[in-house]
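Trainee: Handing you a structure now.
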Amino acid sequence: MILMLKQLGNKRIALGILIVCMLFYPFSVGYSSYFLTLFVITCIYVITSLSLNLLVGYGGQISVGQAGFLSVGSYSVAILSTKLGLPFLVVLPLAGIITALIGLLIGLPAVRLKGHFLAVATLGFGLSVPQIALKWDKLTGGFSGLSVTPSSLFASETQLFYFFVFLTVLIIWLINNIVKSSIGRAFIAIRDSEVAAQAIGINLSFYKTTMFVISSFFTGIAGGIYGYWVGFVSPNDFVITNSFLILAMIVVGGLASIPGSIIGALLFSIIPHFTDSYVGITNIVIGVAVVLIILFKPKGMVSMFNFKRNKSEKTKKNELLLKEEGNRGVNI
Amino acid sequence: MQILMSGLIFGCIYGLTALGLVLIYKTTDIVNFAQGEMAMVTTFVSFVFLSNFGFGYIPSLLLALIFAAIFGIAIHQIVMKRVQSAPPLNQIVVTLGLFMILNGMAGLIWGHKPTSYPQAVKGDSIKLGSVFITPNELFILCITFFLMLIFFLLFRFTRVGLAMRASAQDIKASQLMGIKVTSVFTATWAVGAILGGVAGIMTAPITFLDTQMMFEVLIMAFAAAVIGGFVSLPGAVIGGLFIGVFENLIAFYISPEMKLVYTFLLIILVLYIRPQGIFGGKQTLKKV
Amino acid sequence: MIKNKKQKFFTIILLIISLFTITACGNQSASTSQQGKNVSQGVTDKEILIGHLGPQTGPVAVYDYFRKGIDAYFKYVNENGGVNGRKLKLIAYDDQYQPSRTIKNAKRIVNEDKVFAMLGDPCTPCNSAARNIFEKAGIPMVMISSGAQQFVNPPIKNYFGSSILNYRVETRVFVDYAVNQLHAKKIGVVYQNDDYGKEGLTVLKDSKNIELVAEVPYVAGDTDLSTHAEHLNKAKPDAIMVLGGPTQAANLKKELYKIGMKDTPYIVSSVGANDRNLFKLAGKDVWEGTISAAAFPMPDVSNDPSMKTYVEQFKKYYPNDPIDGFAQNGWAIAEVLVEALNRTGKDLTWDNFFKALNSFDNWDGSIYEGVTFNKNNHYGLTTMILTQAKNGQILPLSGRITFDPDTTEITYEK
Amino acid sequence: MLTFNDVTVQFGGLTAVDNLSFEVPEGSIYSIIGPNGAGKTTVFNCISRFYTPAKGSIKFCGDEITKYKPHQIINIGIARSFQNVELFSKMTVLENLLTGLHPKLRKNIFAISLNLPTVKRSEEDSRKKAFEVMELLKITHLADEQVSNLSFGFQKMVDIGRAIMADPKLILLDEPVAGMNPIETEKISQLILNLKNEMNYTVLLIEHDMSLVMKVSDAVTVMNFGKKISEGTPKDIQNDPVVIEAYLGEVNLHAEVK
Amino acid sequence: MLKLNDVHAFYGRVHALRGVSLEVPEGKIISLLGGNGAGKSTTLNVISRLIQPKEGNFELNGQSMLKKSPSDMVKQGVIQCPENRRVFPLLTVEENLKIGAYQRKDKNIQLDMEKVYTYFPRLKERKIQKAGTLSGGEQQMLAIGRSLMGKPKILLLDEPSLGIAPILVSEIFKIIKEINNEGTAILLVEQNAHMAMSISDYSYILENGRVALEGNSEDLKNDDEVRKLYLGA
């Protein structure tokens with residue numbers, strides 16, 4: 001127990017350092033609008049990849065259309081704030097809820113599908129959202145997009161920045177709680193064995209739908225953050241290649257791992273910073289990174305960080321098992 | 001009628017690409033998102049033979065297909081071999097990575113301007129009843145069914161086909177029976193790349209030669225493969241035809257902008273009723 | 001184990017922090033405007049920084065030819081001594097036609113790289129998204145590569161012109177031509193369901209003297225236009241207008257040709273037609289006779305010395321790339337920019353630069369037919385010609401056609 | 001307690017279970033034996049509601065269970081283990097056991113995502129419960145091991161442990177000692193007897209290992225081709241010529257071939 | 001004929017074999033016993049060349065086999081019938097048998113298939129059925145029959161009695177004996193020590209990746225310690 005507390009304390013210190021760093025980030029980049037934007041877009045991808053990881057990494061339900069939810073979220077914000085004139089604090093949660101409802105609609109048929117079949121169904125969703133946005137111009141402004149009425153709550157970009165960073169940290173914490181809870185265990189149970197999950201009383205269709213709803217809710221919020229930060233949404237914002245990229249983020253970062261999602265999102269949000277000034281190599285660099293990391297770190301980048309722990313634990317484990325076996329020449 | 005006909009032609013294109021997808025999936029259990037880009041690269045290579053070296057159509061085609069085979073082998077040996085036993089998601093993402101690399105490289109090498117690509121068979125359109133069709137389109141129809149038949153027979157009746165089916169089901173047991181599984185897989189990638197190449201070369205005169213030429217085709221090919229059950233070669237082609245025709249009907253009678261949306265709605269509907277696709281085997285309940 | 005878990009956590013946090021610090025430090029050396037001298041940001045004694053955001057990869061990477069054209073002209077100018085002793089430096093980022101990336105890079109190019117002006121950014125939605133940033137910064141936006149109305153009318157202080165013909169003006173000219181010259185009343189239109197098509201479509205819908213008998217949209221990236229051809233075939237229009245890109249224009253004409261609609265006049269907007277490559281894409285016979293508009297004649301039929309320089313120089317810097325298409329626009333807008341820089345002189349401030357731009361009065365020193373700016377006219381390209389595809393060439397079909405933003409009247413030169 | 005009444009299960013044209021009737025009395029260990037493909041696991045899958053019988057009724061404590069969905073079966077008090085160990089392989093032993101408590105935990109998503117004290121408390125309680133079960137199975141030292149790293153024997157233990165977690169009335173064990181040697185088998189048989197004697201569970205068992213069946217069972221049903229061919233105490237069964245012919249082969253349990 | 005000498009092998013990071021030496025002479029049945037995780041299957045996989053040993057020698061007829069591939073071993077007549085049967089579920093019974101003869105190019109394949117059918121008449125009845133629809137016992141027969149199609153000189157059998165009804169177990173062991181009588185050497189890995197010792201000539205008992213005991217099966221069977229630990233008596 002004491003040990004656990006100690007660990008908790010240390011984690012808190014670590015978290016504290018992280019938060020202090022985030023607080024000082026705007027200073028360290030001289031309030032540069034570009035670096036703030038880079039950070040916020042990273043935050044958006046952190047939230048999105050976490051939500052996708054909840055669905056794919058923990059729940060085992062492949063989704064290749066996550067960017068569709070981002071689009072829905074950002075359009076919700078634009079429509080609610082501009083066309084209906086609702087205030088910020090109402091709009092952002094509503095964007096999550098609207099996206100969650102769409103997630104529910106997708107989740108219902110997806111419950112029956114598995115593997116590639118589910119992948120294609122979600123792919124279709126990801127492809128369709130921009131097309132619908134383009135077509136439904138009365139609501140979405142079609143090709144010319146929609147601007148988002150900025151919130152009067154925040155006096156400056158920096159304030160908005162802090163709020164969004166706070167929101168991201170909050171969402172990471174919420175998702176962390178969910179995956180560590182009985183609901184999170186139910187997701188993993190469904191991923192690992194559907195029959196056993198049912199036998200211990202997990203309602204498959206309910207939990208699969210729940211996964212889609214939770215995942216799309218947070219992604220919708222991320223889309224909302226995008227809408228407010230950029231102030232303008234259009235059908236081209238989140239296309240199918242973004243979905244692919246988000247999928248790559250969680251696999252490259254580490255499936256079923258919260259630090260993994262964060263690392264993956266970070267990596268792929270920052271690569272373009274270094275490559276954009278060279279003509280046409282961004283995608284090649286990202287592709288090469290994806291292939292190399294998966295070839296050499298199949299469990300994702302997160303496995304680089306607990307390499308030591310893995311090794312010591314493994315050897316310990318083997319000794320343990322073999323000792324057991326050795327006891328009486330047989331093992332149990 | 002004309003709409004049905006052009007739907008069938010596009011359906012063939014989807015079907016051809018889906019054939020390659022299904023072939024690779026059926027044998028190696030990998031969903032190859034880079035299939036379209038591999039096809040695109042092969043098509044560009046054939047165009048290099050055609051225009052830069054000035055070879056004829058047939059020699060260029062053959063050389064390009066040889067290139068495709070080598071290309072497929074290289075991709076398997078360098079990359080895919082190493083993820084053969086990885087989780088499916090890793091495999092999917094690796095092929096997505098390849099997709100990005102191939103697309104980017106092709107853009108750097110050949111630029112982004114659409115270029116015309118010669119048809120396999122030239123000639124003006126013929127009028128059959130109320131339907132116009134060009135000889136090239138007839139050729140595409142024939143080659144699709146021909147390839148489908150060839151590979152179907154290959155799988156069903158030859159020793160190699162048997163080895164492919166066995167390797168797909170149980171790698172270890174196949175090795176123990178003396179099958180060189182890695183070679184079988186390498187060969188599958190080679191053949192898959194060749195099939196992709198044929199699809200690309202058939203597509204190019206219609207969509208023009210361009211780094212993006214296979215993207216939409218690939219997505220529809222996926223849909224076709226899924227409708228066909230993902231393991232059935234005739235299923236892939238029939239799925240392709242089905243989607244091609246459906247897409248055109250939607251485009252004509254409802255709205256050309258929404259054909260993709262409706263097509264995927266239909267697919268979700270089909271899968272909802274038959275989660276294993278139309279030609280997929282019975283869904284086996286896992287034995288517990 | 002517990003200790004190790006902690007370590008892991010720390011390592012990750014350290015990584016996150018260091019990554020961001022690296023990113024942040026990477027750009028600390030951005031150039032600062034020189035105090036004391038009378039110049040705006042991005043200008044030093046030796047250099048003028050010019051920015052360009054556009055897709056270099058992805059589905060519409062074909063717009064990268066704008067950048068190539070600009071780049072070629074900049075190199076050419078630099079080789080000949082630059083502008084008033086200053087060399088031009090082009091800073092370009094890839095936005096993959098995605099507004100989210102444009103926004104990020106727009107802030108980067110304005111605040112970190114601190115460019116003097118932006119030149120020729122394509123992509124209407126990206127430009128709309130970034131408009132706030134550029135307007136707020138007041139940075140000169142020269143000849144953006146979008147023909148959408150919102151960037152030129154009403155005039156915005158720092159936005160000057162577009163590199164391609166204004167979609168609405170162009171469509172008005174087409175309507176006039178169809179009604180007056182072709183005596184067409186029934187028009188069938190196939191349009192791309194984005195800014196390319198829909199801006200023009202509003203003009204068609206407002207035109208009183210024509211009847212729209214078919215109105216078929218397609219999605220950018222569509223390759224199968226057989227159903228569109230069927231729709232046109234059923235509607236039997238007197239003339240067909242295509243408001244969209246080249247591949248679809250070619251594909252549609254091929255389909256029409258296949259089902260026997262060979263003789264209906266075929267009018268294609270300038271983005272979809274100003275390229276001799278189309279004869280190859282559609283087929284030589286098929287493309288024959290297509291009518292379009294252009295801001296400049298094609299290189300092979302032009303006697304303009306500027307055009308000759310373009311052909312020569314572009315081939316030198318980009319030997320493998322075709323000279324037709326967007327590279328021409330890129331070259332042309334770079335010419336406009338350099339002319340304006342020259343007219344501004346040594347004291348390169350934004351205000352002076354705007355004044356210099358406003359002194360353009362049907363300037364035809366570039367490969368464009370004419371460029372005009374004044375207080376009320378930020379269109380830039382108000383002069384165009386109609387063209388027709390004949391025998392593998394795209395030939396002028398009319399004299400200069402001029403649009404006057406003040407009176408919104410169009411005058412035709414005989 | 002559990003009653004099968006004329007149950008028939010069909011797949012396509014194949015009859016997997018044919019007019020089967022039997023009754024498991026409360027507080028007993030009841031075994032089903034029979035050759036491969038005799039339909040034993042199908043019986044389990046009917047109780048788990050993965051299959052639905054074509055005809056007949058299955059009653060548990062007088063309650064018809066065919067009306068329930070698979071995930072509801074645990075709530076009426078039936079838990080099961082699996083022939084090939086269906087554990088959640090990436091979870092630790094502790095987490096696997098915790099999943100067994102799933103039906104009993106509060107699942108308010110808002111409370112969970114905010115990690116409210118009530119959630120923490122119930123989580124703490126369930127961990128306590130899990131450690132009790134591990135104590136019983138003597139696997140406490142493995143609590144934080146990922147189950148995929150465990151040997152098959154331990155995995156079987158965890159599988160059974162997970163079934164116990166929810167405090168069911170009836171536990172279904174599907175070949176708990178398949179692939180184990182005599183010593184391991186002995187341990188498991190002790191455990192099964194414990195379940196009955198000390199914890200008052202009713203056990204329904206499928207097994208090939210006759211030594212286990214003979215040792216622990218109160219009653220045995222023998223199935224062949226989906227039909228019940230014999231029923232009785234282990235002794236009766238062992239001497240039933242029908243059973244010997246169809247299943248045991250020779251009277252000697254370990255038939256020697258020489 | 002086949003000889004392992006002080007073989008060490010790793011399974012991932014687990015040191016699975018820690019110096020195994022054993023020998024399979026021509027025409028004999030050798031049994032390899034031990035608990036779960038003792039290294040029995042690993043030993044077979046080393047012989048089938050699916051695992052490369054870290055140290056040690058592995059010889060067939062005096063020639064080192066360390067550089068051969070799995071398919072080479074099949075060519076040499078060393079064929080493994082893997083644990084859990086692992087038939088190809090979507091292939092028919094006949095196709096499964098054909099796969100067994102994959103390496104062979106001679107004309108006698110059909111004859112050998114008939115021979116397998118005489119060993120296992122049930123398989124003949126189910127010739128065109130998909131292997132996945134067979135019962136566990138029938139699948140085991142098919143797995144053995146499939147291995148026989150490769151004309152093995154040494155047959156490696158991994159747990160043929162696993163999860164099979166007692167009556168079938170004795171039937172299968174009878175056939176194993178018969179196969180041996182026709183001259184094929186057999187290396188039998190078994191959990192069911194009693195059964196295995198009854199039909200084998202010589203036995204090795206593995207523990208923790210080492211050979212703990214070896215000897216004539218008859219002697220071991222009567223050894224008190226062995227009886228206590230492995231036979232559950």
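Chain labels follow the order of the structure tokens: the first chain is A, the next B, and so on; residue numbering restarts at 1 in every chain, and ligands are counted from 1 in their shown order.
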As a PyMOL selection string, could you give me every residue of chain B near chain A (at most 7 Å apart, counting only C-alpha atoms)?

Mentor: chain B and resi 82-83+90+93-94+97-98+100-101+104-105+108+223+226+260-261+264+268+272+275

Trainee: Mind writing the picked residues with N, CA, C and O atoms as an mmCIF file, in the first residue's frame?

Mentor:
```cif
data_model
loop_
_atom_site.group_PDB
_atom_site.id
_atom_site.type_symbol
_atom_site.label_atom_id
_atom_site.label_comp_id
_atom_site.auth_asym_id
_atom_site.auth_seq_id
_atom_site.Cartn_x
_atom_site.Cartn_y
_atom_site.Cartn_z
ATOM 1 N N ARG B 82 8.454 -9.873 -42.837
ATOM 2 C CA ARG B 82 8.729 -9.633 -41.421
ATOM 3 C C ARG B 82 7.485 -9.382 -40.589
ATOM 4 O O ARG B 82 7.550 -9.387 -39.367
ATOM 5 N N VAL B 83 6.375 -9.094 -41.249
ATOM 6 C CA VAL B 83 5.162 -8.892 -40.463
ATOM 7 C C VAL B 83 4.167 -10.027 -40.702
ATOM 8 O O VAL B 83 3.010 -9.929 -40.313
ATOM 9 N N ASN B 90 -1.143 -4.422 -37.419
ATOM 10 C CA ASN B 90 0.209 -4.056 -37.817
ATOM 11 C C ASN B 90 0.390 -4.235 -39.316
ATOM 12 O O ASN B 90 0.985 -3.397 -39.980
ATOM 13 N N VAL B 93 -1.363 -1.472 -41.182
ATOM 14 C CA VAL B 93 -0.692 -0.183 -41.099
ATOM 15 C C VAL B 93 0.619 -0.191 -41.893
ATOM 16 O O VAL B 93 0.981 0.817 -42.507
ATOM 17 N N VAL B 94 1.309 -1.330 -41.924
ATOM 18 C CA VAL B 94 2.513 -1.396 -42.753
ATOM 19 C C VAL B 94 2.154 -1.166 -44.215
ATOM 20 O O VAL B 94 2.814 -0.392 -44.916
ATOM 21 N N GLY B 97 1.624 2.353 -44.752
ATOM 22 C CA GLY B 97 2.917 3.037 -44.847
ATOM 23 C C GLY B 97 3.498 2.903 -46.237
ATOM 24 O O GLY B 97 3.961 3.877 -46.845
ATOM 25 N N LEU B 98 3.429 1.683 -46.788
ATOM 26 C CA LEU B 98 3.923 1.455 -48.146
ATOM 27 C C LEU B 98 3.155 2.316 -49.136
ATOM 28 O O LEU B 98 3.719 2.891 -50.061
ATOM 29 N N MET B 100 1.844 5.194 -48.638
ATOM 30 C CA MET B 100 2.319 6.580 -48.598
ATOM 31 C C MET B 100 3.672 6.718 -49.283
ATOM 32 O O MET B 100 3.924 7.674 -50.009
ATOM 33 N N ILE B 101 4.539 5.732 -49.030
ATOM 34 C CA ILE B 101 5.876 5.811 -49.627
ATOM 35 C C ILE B 101 5.775 5.735 -51.152
ATOM 36 O O ILE B 101 6.327 6.576 -51.868
ATOM 37 N N GLY B 104 4.193 8.827 -52.665
ATOM 38 C CA GLY B 104 5.087 9.983 -52.608
ATOM 39 C C GLY B 104 6.235 9.862 -53.597
ATOM 40 O O GLY B 104 6.571 10.816 -54.312
ATOM 41 N N MET B 105 6.836 8.677 -53.666
ATOM 42 C CA MET B 105 7.965 8.480 -54.568
ATOM 43 C C MET B 105 7.526 8.672 -56.013
ATOM 44 O O MET B 105 8.208 9.332 -56.803
ATOM 45 N N LEU B 108 7.316 12.214 -56.809
ATOM 46 C CA LEU B 108 8.612 12.859 -56.992
ATOM 47 C C LEU B 108 9.222 12.486 -58.339
ATOM 48 O O LEU B 108 9.835 13.301 -59.021
ATOM 49 N N ALA B 223 -14.451 -2.515 -51.354
ATOM 50 C CA ALA B 223 -15.870 -2.736 -51.178
ATOM 51 C C ALA B 223 -16.296 -3.982 -51.947
ATOM 52 O O ALA B 223 -17.037 -4.824 -51.439
ATOM 53 N N VAL B 226 -15.116 -7.105 -50.215
ATOM 54 C CA VAL B 226 -15.889 -7.353 -49.005
ATOM 55 C C VAL B 226 -17.260 -7.909 -49.344
ATOM 56 O O VAL B 226 -17.730 -8.876 -48.763
ATOM 57 N N LEU B 260 -20.976 7.596 -53.863
ATOM 58 C CA LEU B 260 -20.113 6.917 -52.914
ATOM 59 C C LEU B 260 -20.841 6.654 -51.596
ATOM 60 O O LEU B 260 -20.778 5.568 -51.028
ATOM 61 N N VAL B 261 -21.566 7.670 -51.153
ATOM 62 C CA VAL B 261 -22.294 7.538 -49.898
ATOM 63 C C VAL B 261 -23.305 6.407 -49.988
ATOM 64 O O VAL B 261 -23.367 5.532 -49.124
ATOM 65 N N PHE B 264 -21.716 2.896 -50.102
ATOM 66 C CA PHE B 264 -21.298 2.362 -48.809
ATOM 67 C C PHE B 264 -22.486 2.047 -47.912
ATOM 68 O O PHE B 264 -22.448 1.094 -47.141
ATOM 69 N N ILE B 268 -23.016 -1.548 -46.207
ATOM 70 C CA ILE B 268 -23.294 -1.765 -44.790
ATOM 71 C C ILE B 268 -24.582 -2.568 -44.637
ATOM 72 O O ILE B 268 -24.667 -3.485 -43.831
ATOM 73 N N TYR B 272 -24.876 -6.120 -43.045
ATOM 74 C CA TYR B 272 -25.712 -6.279 -41.869
ATOM 75 C C TYR B 272 -26.551 -7.555 -41.990
ATOM 76 O O TYR B 272 -26.736 -8.288 -41.042
ATOM 77 N N PRO B 275 -23.168 -10.877 -42.659
ATOM 78 C CA PRO B 275 -21.897 -10.306 -42.184
ATOM 79 C C PRO B 275 -20.662 -10.910 -42.845
ATOM 80 O O PRO B 275 -19.591 -10.358 -42.734
#
```

Trainee: Show me a table, sorted first by chain and then by increasing residue number, of the residues of chain E having an atom at most 9 Å from chain B, each with its shortest atom pair and the distance in Å to one decimal, counting only C-alpha atoms and written as CSV.

Mentor:
```
residue,atom,partner,partner_atom,distance
E:Ser48,CA,B:Leu176,CA,7.0
E:Leu50,CA,B:Gln175,CA,8.2
E:Ser69,CA,B:Lys180,CA,8.6
E:Pro70,CA,B:Gln175,CA,6.1
E:Ser71,CA,B:Gly178,CA,3.9
E:Asp72,CA,B:Gly178,CA,7.2
E:Met73,CA,B:Gly178,CA,7.6
E:Val74,CA,B:Gly178,CA,5.3
E:Lys75,CA,B:Gly178,CA,7.3
E:Ile79,CA,B:Leu176,CA,6.7
E:Gln80,CA,B:Leu176,CA,6.1
E:Cys81,CA,B:Leu176,CA,7.6
E:Pro82,CA,B:Ala173,CA,7.0
E:Arg85,CA,B:Ala173,CA,8.8
E:Arg86,CA,B:Ala173,CA,6.2
E:Val87,CA,B:Ala173,CA,7.4
E:Phe88,CA,B:Gln169,CA,6.1
E:Pro89,CA,B:Gln169,CA,7.5
E:Leu90,CA,B:Gln169,CA,7.6
E:Leu91,CA,B:Ala166,CA,7.6
E:Glu95,CA,B:Leu162,CA,7.5
E:Asn96,CA,B:Ala166,CA,8.3
E:Lys98,CA,B:Leu162,CA,8.5
E:Ile99,CA,B:Met177,CA,6.8
E:Gly100,CA,B:Met177,CA,5.5
E:Ala101,CA,B:Met177,CA,7.7
E:Tyr102,CA,B:Gly178,CA,6.7
E:Gln103,CA,B:Gly178,CA,6.1
E:Arg146,CA,B:Met177,CA,8.2
E:Ser147,CA,B:Met177,CA,7.2
E:Gly150,CA,B:Met177,CA,7.5
```

Trainee: For stretch 134-136 of chain E, work out the shell of residues within 7 Å, counting only C-alpha atoms and skipping chain neighbours fewer than 6 positions away, then give it as a PyMOL selection string.

Mentor: (chain D and resi 36-37) or (chain E and resi 164)

Trainee: Atoms to include: N, CA and C atoms. Write the selected residues as a PDB file, in the first residue's frame.

Mentor:
```
ATOM      1  N   ASN D  36     -15.447 -38.206 -28.678  1.00  0.00           N
ATOM      2  CA  ASN D  36     -15.429 -36.906 -29.350  1.00  0.00           C
ATOM      3  C   ASN D  36     -16.601 -36.808 -30.294  1.00  0.00           C
ATOM      4  N   GLY D  37     -17.172 -35.639 -30.348  1.00  0.00           N
ATOM      5  CA  GLY D  37     -18.277 -35.440 -31.270  1.00  0.00           C
ATOM      6  C   GLY D  37     -19.580 -36.016 -30.764  1.00  0.00           C
TER       7      GLY D  37
ATOM      8  N   ILE E 164      -8.924 -37.037 -26.735  1.00  0.00           N
ATOM      9  CA  ILE E 164      -9.615 -38.039 -27.544  1.00  0.00           C
ATOM     10  C   ILE E 164     -10.206 -39.103 -26.623  1.00  0.00           C
TER      11      ILE E 164
END
```

Trainee: Can you pull out every residue from stretch 56-133 of chain E that DSSP, working from the backbone, puts in strand (DSSP E), and format the result as a list in words?

Mentor: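 After running DSSP on the backbone, stretch 56-133 of chain E has strand (DSSP E) at Gly56, Asn57, Phe58, Glu59, Leu60, Gln63, Ser64, Val78, Ile79, Gln80 and Cys81 of chain E.
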
Trainee: Using only C-alpha atoms, I'd like every residue of chain E that has an atom within 9 Å of chain D; please write them out as a VMD selection string.

Mentor: chain E and resid 34 to 37 134 to 138 159 162 to 171 173 to 174 177 191 to 195 198 to 199 228 to 233

Trainee: What is the distance, in Å and to one decimal place, between atom CA of B:Leu147 and atom CA of B:Gly277?

Mentor: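 Value for the atom CA of B:Leu147-atom CA of B:Gly277 distance: 21.7 Å.
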